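Enquirer: My questions will all concern the structure given below.
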Amino acid sequence: MQDYPAPHSPSLTRARFDAEVTSLRDAADAYYATDILAMSDAEYDAGVDWTRAVLTVHPDWASDGTAALLDKVAAGTHASGDVTHPARMLSMGKATDLADVDALVAKVGTGVLVEPKMDGLALRVEYTDGRLTLAATRGDGSTGENVTEQVTRGFGVSGLPVCLGVPWTGEVRGEIIMTLDQFERAQVLRAERGGKPFVNPRNAVAGALRKAGADHWMPMTFACYDLTSGGRDSEDDSQTHIGRMDWAARLGFATAAGLASKAGVHAGLLTATSDERVAVFTQAADVRAAIEQIEQRRPSLGFEIDGAVIKANRDDARARLGDGSRTPNWAVAYKYAAQEATSVIEDIEVGVGRTGRISLRARIAPTFVGGTTVTYASLHNPAWLAEEGIGVGSKVVVKRAGDVIPRVTAPLDAAANEGIPAWTPPAACPNCGGEWDKTSLLWRCHSPECSVAGRLAYWAARDCLDVEGIGDQVAEALAEAGVKDVADLYDLTLAQWSALVLGTTTTGAPRTLGEATAVKIMASLDASKTQPFNRVITGLGIRLTGRSVGRWLAREFPTMTALRAATVDQIAAIEKMGPVKAQAVVDGLAAMSDVINRLAAHGLNMGAAPATGAAVLPLTGMTFVISGSIPGYTRTTAQEAVEAAGGKASSSVSKATTALITDEAGTSKAQKAATLGVPIIDPADFEALLRGDVLPAAT
Ligand code: IVH
């Protein structure tokens with residue numbers, strides 16, 4: 001927090017005062033016009049309060065700047081837009097304490113409502129014959145910016161229909177916000193577009209509204225708090241706020257009270273009977289209780305609020321009290337404590353999320369924020385840390401919004417952080433040592449053991465269960481949609497597959513998988529049930545294992561029951577396995593026990609014990625090396641075929657090799673075979689070999 005000299009301090013000069021006023025107005029400008037957060041809300045409010053206090057000591061220091069700071073929307077800095085508001089878009093008077101609220105309740109007399117004060121941007125929207133015809137921001141209160149395109153493109157804005165069910169003509173006012181869910185999605189969209197993370201949902205809304213063009217769509221929500229009917233077609237003649245909001249809800253708008261009640265704020269706001277859903281309070285004590293109740297529910301609302309709004313319900317009370325130059329006299333805003341605090345980063349931990357994306361977490365010096373002491377806060381991404389120069393030892397702003405884990409939103413100030421060395425991100429994934437995919441700001445690790453998406457894509461890969469259509473992108477969408485493991489794939493219905501959201505097109509339309517692809521994937525999943533047992537083992541994606549280990553294990557332990565019963569020593573005894581890999585296999589199988597059981601229930605191949613007394617397989621006791629290609633086979637299927645016929649598939653030629661299968665002369669393998677006297681079999685004879693019809697003869 002800025003250290004302001006006391007208003008009467010002799011060290012406070014006029015020049016210093018003017019400089020502070022200028023930086024406060026710059027911060028207000030940034031707040032309204034850009035997505036740059038120059039100072040936190042609490043710092044800004046403290047600065048404005050300080051300015052007011054200084055003017056009581058030095059009234060002659062008043063200037064156009066202080067007048068604008070104290071009296072004008074956006075501190076008078078906002079360039080006026082091109083839309084003139086028919087009635088000014090007002091701001092709201094602040095209740096400095098609950099006594100101010102009591103005073104309003106008494107002044108109104110006929111009852112007030114208590115609503116959450118949504119932390120977004122004010123929006124005015126005109127409808128003509130049921131169609132959205134104009135949307136404008138508040139701007140300086142008299143004129144604002146035309147943002148019609150921004151609120152109608154793509155999926156539009158939730159709670160703000162482009163087309164109403166009835167040909168209503170009129171105007172709604174309300175707050176445009178991002179819910180916390182929408183904010184999380186917006187951050188991902190932003191990173192994928194290469195942008196710097198948004199500081200908070202309100203700044204994200206400001207950023208989204210400033211940008212024109214279809215590919216800048218961001219998820220947002222509108223919450224109506226005022227409505228004026230222009231025609232004769234209003235069904236509301238109640239002359240009350242409640243009546244207007246009911247009509248707004250029936251027209252299809254989301255309302256501030258409605259969003260709160262969805263999030264469970266009922267008791268203070270809503271009474272039991274459905275025709276009188278919003279409580280009107282005439283007693284100061286009830287109003288105080290409702291304000292407190294909203295604050296208690298603040299963490300679970302699902303959107304950011306910065307206070308409660310207390311407003312007169314009846315229009316006659318509003319008319320009697322009137323409006324001031326900047327604020328109405330019939331409403332006040334009671335601000336809650338900021339959910340922001342400052343702390344110092346003690347360590348930065350790197351993890352991988354369920355979609356394989358890098359996740360950064362700062363361990364911070366314990367700090368009290370939003371009602372609890374926090375010791376961890378998430379960080380955006382490596383590029384952002386580098387750009388902001390944040391590292392271990394940096395002083396930072398930590399913000400807690402709702403149930404979301406607190407987040408480091410900004411470095412505190414450049415001077416405090418000078419000399420802190422920049423943090424160096426790990427060169428490889430800390431879980432598996434794999435290479436990062438850095439094509440997006442949110443680096444990704446594709447290893448199967450690191451993420452749900454990685455596991456799904458690996459299971460479906462050609463050398464594993466060979467399921468068509470589940471590449472990285474679909475795997476990520478599945479992980480995003482809540483699929484937890486590979487067994488879940490076999491539970492999804494055609495409707496679920498078809499509706500899987502892959503992303504948005506450049507025009508903002510949803511891109512779903514669609515039924516045609518869904519049918520193909522489901523058929524391929526069905527076919528995967530006949531894949532050999534070794535592929536099921538490989539597909540589990542156990543650490544340190546790959547397709548060879550899958551084959552070795554299946555050969556030694558032909559059923560899942562046998563494999564699960566195997567000890568570390570037994571597995572370690574397999575050629576080339578050793579104790580480290582063996583331990584990983586035992587641990588991996590134990591960890592995936594539930595998934596394996598569910599896969600078995602779905603009919604995946606869990607192996608078969610060799611029939612007793614069966615004829616000896618044709619290639620028993622023989623070892624083959626395959627080099628180059630075999631028509632009709634991949635490397636994996638060829639090796640599997642050799643093993644199914646009782647043989648062993650190896651990758652290097654040695655004295656123990658029965659034969660080399662290749663049609664390439666002169667390769668190092670062919671040369672080695674020649675030196676050792678290992679016979680060579682033509683790939684054209686492969687099928688005959690499997691039947692036992694070709695016997696390798698020494699050359
Ligand atoms: S009623 C002033 N109700 O807060 C006109 N305003 O700081 C009456 N706000 O301009 C507004 N939530 O943009 C009202 N439930 C709510 C609100 C709300 C947020 C905004 C609104 C207003 C600003 C004042």
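Just so we're on the same page: first chain in the structure tokens is A, next is B, and so on; residues restart at 1 for each chain, and ligands are numbered from 1 in the order they show up.
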At a cut-off of 6 Å, using only C-alpha atoms, what residues contact stretch 141-151 of chain A? Leave out same-chain residues fewer than 3 positions from it and give the result as a list in words.
Expert: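 My reading of the contact set: Ser80, Gly81, Asp82, Val83, Thr84, His85, Arg88, Met89, Leu134, Ala135, Ala136, Thr137, Arg138, Gly156, Val157 and Leu209 of chain A.
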Enquirer: Could you report the residues within 10 Å of ligand 1, using only C-alpha atoms and all ligand atoms, as a ChimeraX atom specification?
Expert: /A:73,88-94,113-124,137-138,141,173-177,223-226,241,255-257,260,305-312,323,326-335
Enquirer: For the selection you just gave me, I'd like the residues written to a file as a CSV table (one decimal), in the first residue's frame, keeping C-alpha atoms.
Expert:
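After the write, again.csv holds the following:
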chain,number,residue,atom,x,y,z
A,73,VAL,CA,-16.7,8.9,-13.3
A,88,ARG,CA,-26.8,9.8,-17.6
A,89,MET,CA,-25.3,6.5,-16.4
A,90,LEU,CA,-24.7,7.2,-12.8
A,91,SER,CA,-22.2,5.9,-10.3
A,92,MET,CA,-23.0,5.0,-6.7
A,93,GLY,CA,-22.4,6.8,-3.4
A,94,LYS,CA,-20.2,4.9,-1.0
A,113,LEU,CA,-33.4,-4.2,-1.4
A,114,VAL,CA,-29.9,-5.6,-0.8
A,115,GLU,CA,-28.1,-7.0,-3.8
A,116,PRO,CA,-24.5,-8.0,-4.4
A,117,LYS,CA,-22.5,-5.3,-6.1
A,118,MET,CA,-21.0,-7.0,-9.1
A,119,ASP,CA,-17.5,-6.1,-10.0
A,120,GLY,CA,-17.6,-5.6,-13.7
A,121,LEU,CA,-18.4,-2.8,-16.1
A,122,ALA,CA,-21.7,-0.9,-16.5
A,123,LEU,CA,-23.5,-1.6,-19.8
A,124,ARG,CA,-26.6,0.0,-21.4
A,137,THR,CA,-20.4,1.3,-22.0
A,138,ARG,CA,-20.8,3.9,-19.4
A,141,GLY,CA,-21.5,8.8,-17.8
A,173,ARG,CA,-28.8,-1.5,-17.8
A,174,GLY,CA,-26.7,-3.8,-15.9
A,175,GLU,CA,-23.2,-5.1,-15.2
A,176,ILE,CA,-21.2,-7.1,-17.6
A,177,ILE,CA,-18.9,-9.5,-15.8
A,223,ALA,CA,-26.6,-9.0,-14.8
A,224,CYS,CA,-29.5,-6.6,-15.2
A,225,TYR,CA,-30.2,-4.0,-12.5
A,226,ASP,CA,-32.4,-1.6,-14.3
A,241,HIS,CA,-37.6,-2.4,-8.8
A,255,THR,CA,-30.4,-10.2,-13.0
A,256,ALA,CA,-28.1,-9.4,-10.2
A,257,ALA,CA,-30.4,-10.9,-7.6
A,260,ALA,CA,-27.0,-14.4,-6.4
A,305,ILE,CA,-18.3,-8.7,-6.0
A,306,ASP,CA,-16.8,-5.8,-4.2
A,307,GLY,CA,-19.7,-4.9,-2.0
A,308,ALA,CA,-23.5,-4.8,-1.5
A,309,VAL,CA,-25.9,-2.4,-3.1
A,310,ILE,CA,-28.7,-1.0,-0.9
A,311,LYS,CA,-31.4,0.5,-3.1
A,312,ALA,CA,-35.0,1.8,-2.7
A,323,ASP,CA,-30.4,12.1,-8.2
A,326,ARG,CA,-23.0,11.8,-10.2
A,327,THR,CA,-24.9,9.4,-7.9
A,328,PRO,CA,-28.5,8.7,-7.1
A,329,ASN,CA,-29.7,9.6,-3.6
A,330,TRP,CA,-31.8,6.4,-3.3
A,331,ALA,CA,-29.0,3.9,-3.3
A,332,VAL,CA,-25.6,3.4,-1.7
A,333,ALA,CA,-22.8,0.9,-2.2
A,334,TYR,CA,-21.3,-0.7,0.9
A,335,LYS,CA,-17.9,-2.0,0.1
Enquirer: Neighbouring residues of A:Val595 were defined as those with any atom within 12 Å, considering only C-alpha atoms; residues of the same chain fewer than 4 positions away were excluded. Please report them as number ranges by chain.
Expert: A: 455, 484-490, 536-537, 539-540, 588-591, 599-602, 604
Enquirer: Save out the residues we just selected, C-alpha atoms, as a compact mmCIF listing (two decimals), in the first residue's frame.
Expert:
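Result saved to again24.txt:
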# COMPACT_ATOMS: atom_id res chain seq x y z
CA ARG A 455 -2.78 -41.04 -20.77
CA LYS A 484 -10.55 -39.22 -15.57
CA ASP A 485 -8.93 -42.35 -17.01
CA VAL A 486 -8.83 -44.68 -20.01
CA ALA A 487 -11.62 -46.90 -18.69
CA ASP A 488 -13.98 -43.89 -18.81
CA LEU A 489 -13.59 -43.86 -22.61
CA TYR A 490 -15.69 -47.02 -22.80
CA VAL A 536 -3.33 -53.36 -22.88
CA ILE A 537 -0.26 -53.48 -20.61
CA GLY A 539 -1.51 -48.72 -23.03
CA LEU A 540 -1.65 -48.26 -19.27
CA GLY A 588 2.01 -48.72 -11.68
CA LEU A 589 -0.24 -51.79 -11.68
CA ALA A 590 -1.20 -51.18 -8.06
CA ALA A 591 -1.98 -47.52 -8.71
CA LEU A 599 -11.23 -52.17 -18.39
CA ALA A 600 -11.67 -55.90 -17.75
CA ALA A 601 -15.37 -55.34 -17.11
CA HIS A 602 -15.59 -53.54 -20.46
CA LEU A 604 -10.62 -55.49 -22.91
Enquirer: May I have the residues within 9 Å of A:Thr66 as a list in words, using only C-alpha atoms and disregarding those fewer than 2 positions away in the same chain?
Expert: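 After dropping sequence-adjacent residues, the list is Asp18, Val21, Thr22, Arg25, Thr51, Arg52, Leu55, Trp61, Ala62, Ser63, Asp64, Ala68, Leu69, Leu70, Asp71 and Ala75 of chain A.
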Enquirer: Hey, can you spit out that residue selection with N, CA and C atoms as a PDB file, in the first residue's frame?
Expert:
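Writing the result to part_15.pdb gives the following:
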ATOM      1  N   ASP A  18       0.130  17.157  -5.930  1.00  0.00           N
ATOM      2  CA  ASP A  18      -0.306  17.160  -7.335  1.00  0.00           C
ATOM      3  C   ASP A  18       0.142  15.884  -8.046  1.00  0.00           C
ATOM      4  N   VAL A  21      -2.124  13.044  -7.074  1.00  0.00           N
ATOM      5  CA  VAL A  21      -3.428  13.163  -7.727  1.00  0.00           C
ATOM      6  C   VAL A  21      -3.312  12.694  -9.181  1.00  0.00           C
ATOM      7  N   THR A  22      -2.217  13.102  -9.836  1.00  0.00           N
ATOM      8  CA  THR A  22      -2.020  12.689 -11.226  1.00  0.00           C
ATOM      9  C   THR A  22      -1.907  11.166 -11.328  1.00  0.00           C
ATOM     10  N   ARG A  25      -5.267   9.582 -10.952  1.00  0.00           N
ATOM     11  CA  ARG A  25      -6.107   9.733 -12.154  1.00  0.00           C
ATOM     12  C   ARG A  25      -5.599   8.835 -13.291  1.00  0.00           C
ATOM     13  N   THR A  51      -6.701  12.130  -0.604  1.00  0.00           N
ATOM     14  CA  THR A  51      -6.844  13.394  -1.332  1.00  0.00           C
ATOM     15  C   THR A  51      -7.901  14.276  -0.665  1.00  0.00           C
ATOM     16  N   ARG A  52      -9.027  13.640  -0.329  1.00  0.00           N
ATOM     17  CA  ARG A  52     -10.115  14.381   0.302  1.00  0.00           C
ATOM     18  C   ARG A  52      -9.655  14.963   1.646  1.00  0.00           C
ATOM     19  N   LEU A  55      -7.356  17.972   1.256  1.00  0.00           N
ATOM     20  CA  LEU A  55      -8.061  19.196   0.864  1.00  0.00           C
ATOM     21  C   LEU A  55      -8.746  19.877   2.051  1.00  0.00           C
ATOM     22  N   TRP A  61      -5.422  23.891  -2.334  1.00  0.00           N
ATOM     23  CA  TRP A  61      -4.765  22.975  -3.270  1.00  0.00           C
ATOM     24  C   TRP A  61      -5.759  22.327  -4.236  1.00  0.00           C
ATOM     25  N   ALA A  62      -7.018  22.659  -4.089  1.00  0.00           N
ATOM     26  CA  ALA A  62      -8.027  22.101  -4.996  1.00  0.00           C
ATOM     27  C   ALA A  62      -7.728  22.543  -6.419  1.00  0.00           C
ATOM     28  N   SER A  63      -7.973  21.660  -7.372  1.00  0.00           N
ATOM     29  CA  SER A  63      -7.706  21.979  -8.779  1.00  0.00           C
ATOM     30  C   SER A  63      -8.734  21.253  -9.636  1.00  0.00           C
ATOM     31  N   ASP A  64      -8.664  21.452 -10.944  1.00  0.00           N
ATOM     32  CA  ASP A  64      -9.538  20.693 -11.842  1.00  0.00           C
ATOM     33  C   ASP A  64      -9.281  19.201 -11.661  1.00  0.00           C
ATOM     34  N   ALA A  68     -12.022  16.459 -10.577  1.00  0.00           N
ATOM     35  CA  ALA A  68     -12.337  15.317 -11.437  1.00  0.00           C
ATOM     36  C   ALA A  68     -12.158  14.014 -10.665  1.00  0.00           C
ATOM     37  N   LEU A  69     -11.071  13.941  -9.902  1.00  0.00           N
ATOM     38  CA  LEU A  69     -10.788  12.712  -9.148  1.00  0.00           C
ATOM     39  C   LEU A  69     -11.905  12.403  -8.157  1.00  0.00           C
ATOM     40  N   LEU A  70     -12.383  13.464  -7.473  1.00  0.00           N
ATOM     41  CA  LEU A  70     -13.370  13.233  -6.420  1.00  0.00           C
ATOM     42  C   LEU A  70     -14.799  13.155  -6.946  1.00  0.00           C
ATOM     43  N   ASP A  71     -15.053  13.751  -8.099  1.00  0.00           N
ATOM     44  CA  ASP A  71     -16.450  13.873  -8.525  1.00  0.00           C
ATOM     45  C   ASP A  71     -16.835  13.206  -9.832  1.00  0.00           C
ATOM     46  N   ALA A  75     -12.633   9.362 -12.849  1.00  0.00           N
ATOM     47  CA  ALA A  75     -11.827  10.521 -12.459  1.00  0.00           C
ATOM     48  C   ALA A  75     -11.688  11.522 -13.599  1.00  0.00           C
TER      49      ALA A  75
END
Enquirer: From stretch 368-503 of chain A, collect each residue whose DSSP state is strand (DSSP E or B) and return the set as a list in words.
Expert: Phe368, Val369, Thr372, Thr373, Val374, Thr375, Tyr376, Ala377, Ser378, Leu379, Lys395, Val396, Val397, Val398, Lys399, Arg407, Val408, Thr409, Ala410, Pro411, Ala428, Glu435, Asp437, Arg444, Val501, Leu502 and Gly503 of chain A
Enquirer: With a distance cut-off of 7 Å and only C-alpha atoms, select the neighbouring residues of stretch 552-564 of chain A, excluding the residue or stretch itself and same-chain residues fewer than 5 positions from it, and output the selection as a CSV table (one decimal) with N, CA, C and O atoms, in the first residue's frame.
Expert:
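The resulting file, selection_33.csv, is reproduced below:
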chain,number,residue,atom,x,y,z
A,533,PHE,N,-3.1,-58.7,-25.4
A,533,PHE,CA,-2.9,-58.4,-24.0
A,533,PHE,C,-1.7,-57.5,-23.8
A,533,PHE,O,-1.8,-56.5,-23.0
A,534,ASN,N,-0.6,-57.7,-24.6
A,534,ASN,CA,0.6,-56.9,-24.4
A,534,ASN,C,0.3,-55.4,-24.6
A,534,ASN,O,0.9,-54.5,-24.0
A,589,LEU,N,0.9,-50.9,-11.7
A,589,LEU,CA,-0.2,-51.8,-11.7
A,589,LEU,C,-1.1,-51.6,-10.4
A,589,LEU,O,-2.3,-51.6,-10.5
A,606,MET,N,-7.6,-59.3,-21.3
A,606,MET,CA,-6.7,-59.4,-20.1
A,606,MET,C,-5.9,-60.7,-20.2
A,606,MET,O,-5.4,-61.2,-19.2
A,607,GLY,N,-5.7,-61.2,-21.4
A,607,GLY,CA,-4.8,-62.3,-21.6
A,607,GLY,C,-5.5,-63.6,-21.4
A,607,GLY,O,-6.6,-63.7,-20.9
A,608,ALA,N,-4.8,-64.7,-21.8
A,608,ALA,CA,-5.4,-66.0,-21.6
A,608,ALA,C,-4.2,-67.0,-21.3
A,608,ALA,O,-3.1,-66.9,-21.8
A,609,ALA,N,-4.5,-67.9,-20.3
A,609,ALA,CA,-3.5,-68.9,-20.0
A,609,ALA,C,-3.3,-69.8,-21.1
A,609,ALA,O,-4.3,-70.2,-21.8
Enquirer: Apply DSSP to the structure's backbone, then extract all residues of stretch 254-446 of chain A labelled helix (DSSP H, G or I) and return them as a VMD selection string.
Expert: chain A and resid 256 to 262 274 to 276 284 to 300 315 to 321 382 to 388
Enquirer: Any idea what's packed within 8 Å of A:Gly393, counting only C-alpha atoms, ignoring anything in its chain fewer than 3 positions away? Could you give it as a CSV table (one decimal) with N, CA, C and O atoms, in the first residue's frame?
Expert:
chain,number,residue,atom,x,y,z
A,344,VAL,N,5.4,-12.4,0.0
A,344,VAL,CA,6.7,-12.6,-0.6
A,344,VAL,C,6.8,-14.0,-1.1
A,344,VAL,O,6.4,-15.0,-0.4
A,345,ILE,N,7.3,-14.2,-2.3
A,345,ILE,CA,7.4,-15.6,-2.8
A,345,ILE,C,8.6,-16.3,-2.2
A,345,ILE,O,9.7,-15.8,-2.2
A,346,GLU,N,8.3,-17.5,-1.6
A,346,GLU,CA,9.4,-18.2,-1.0
A,346,GLU,C,9.9,-19.3,-1.9
A,346,GLU,O,11.1,-19.8,-1.8
A,417,ASN,N,11.3,-4.9,-5.7
A,417,ASN,CA,11.8,-6.2,-6.3
A,417,ASN,C,13.1,-6.1,-7.0
A,417,ASN,O,13.5,-7.0,-7.6
A,420,ILE,N,16.1,-8.9,-7.5
A,420,ILE,CA,15.6,-10.3,-7.4
A,420,ILE,C,15.9,-11.0,-8.7
A,420,ILE,O,15.5,-10.5,-9.7
Enquirer: What's around A:Thr634 at 10 Å? Count only C-alpha atoms, leave out sequence neighbours fewer than 5 positions away in its own chain, and write the answer as a short mmCIF file (atom, residue, chain, number, x, y, z; two decimals) with C-alpha atoms, in the first residue's frame.
Expert:
data_model
loop_
_atom_site.label_atom_id
_atom_site.label_comp_id
_atom_site.auth_asym_id
_atom_site.auth_seq_id
_atom_site.Cartn_x
_atom_site.Cartn_y
_atom_site.Cartn_z
CA ARG A 462 -1.15 -46.81 -32.91
CA ASP A 463 1.27 -49.02 -30.98
CA GLY A 628 12.95 -52.88 -42.59
CA SER A 629 9.31 -53.40 -43.44
CA GLN A 639 6.77 -58.62 -33.38
CA GLU A 640 3.46 -59.58 -31.83
#
Enquirer: Report, in Å with one decimal, the straight-line distance from atom CA of A:Ala688 to atom CA of A:Ser524.
Expert: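 Those two atoms sit 29.3 Å apart.
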Enquirer: I need the residue nearest A:Leu180 from this list: A:Ser158, A:Ser300, A:Gln583, A:Ser23. Use only C-alpha atoms for the distance.
Expert: A:Ser300
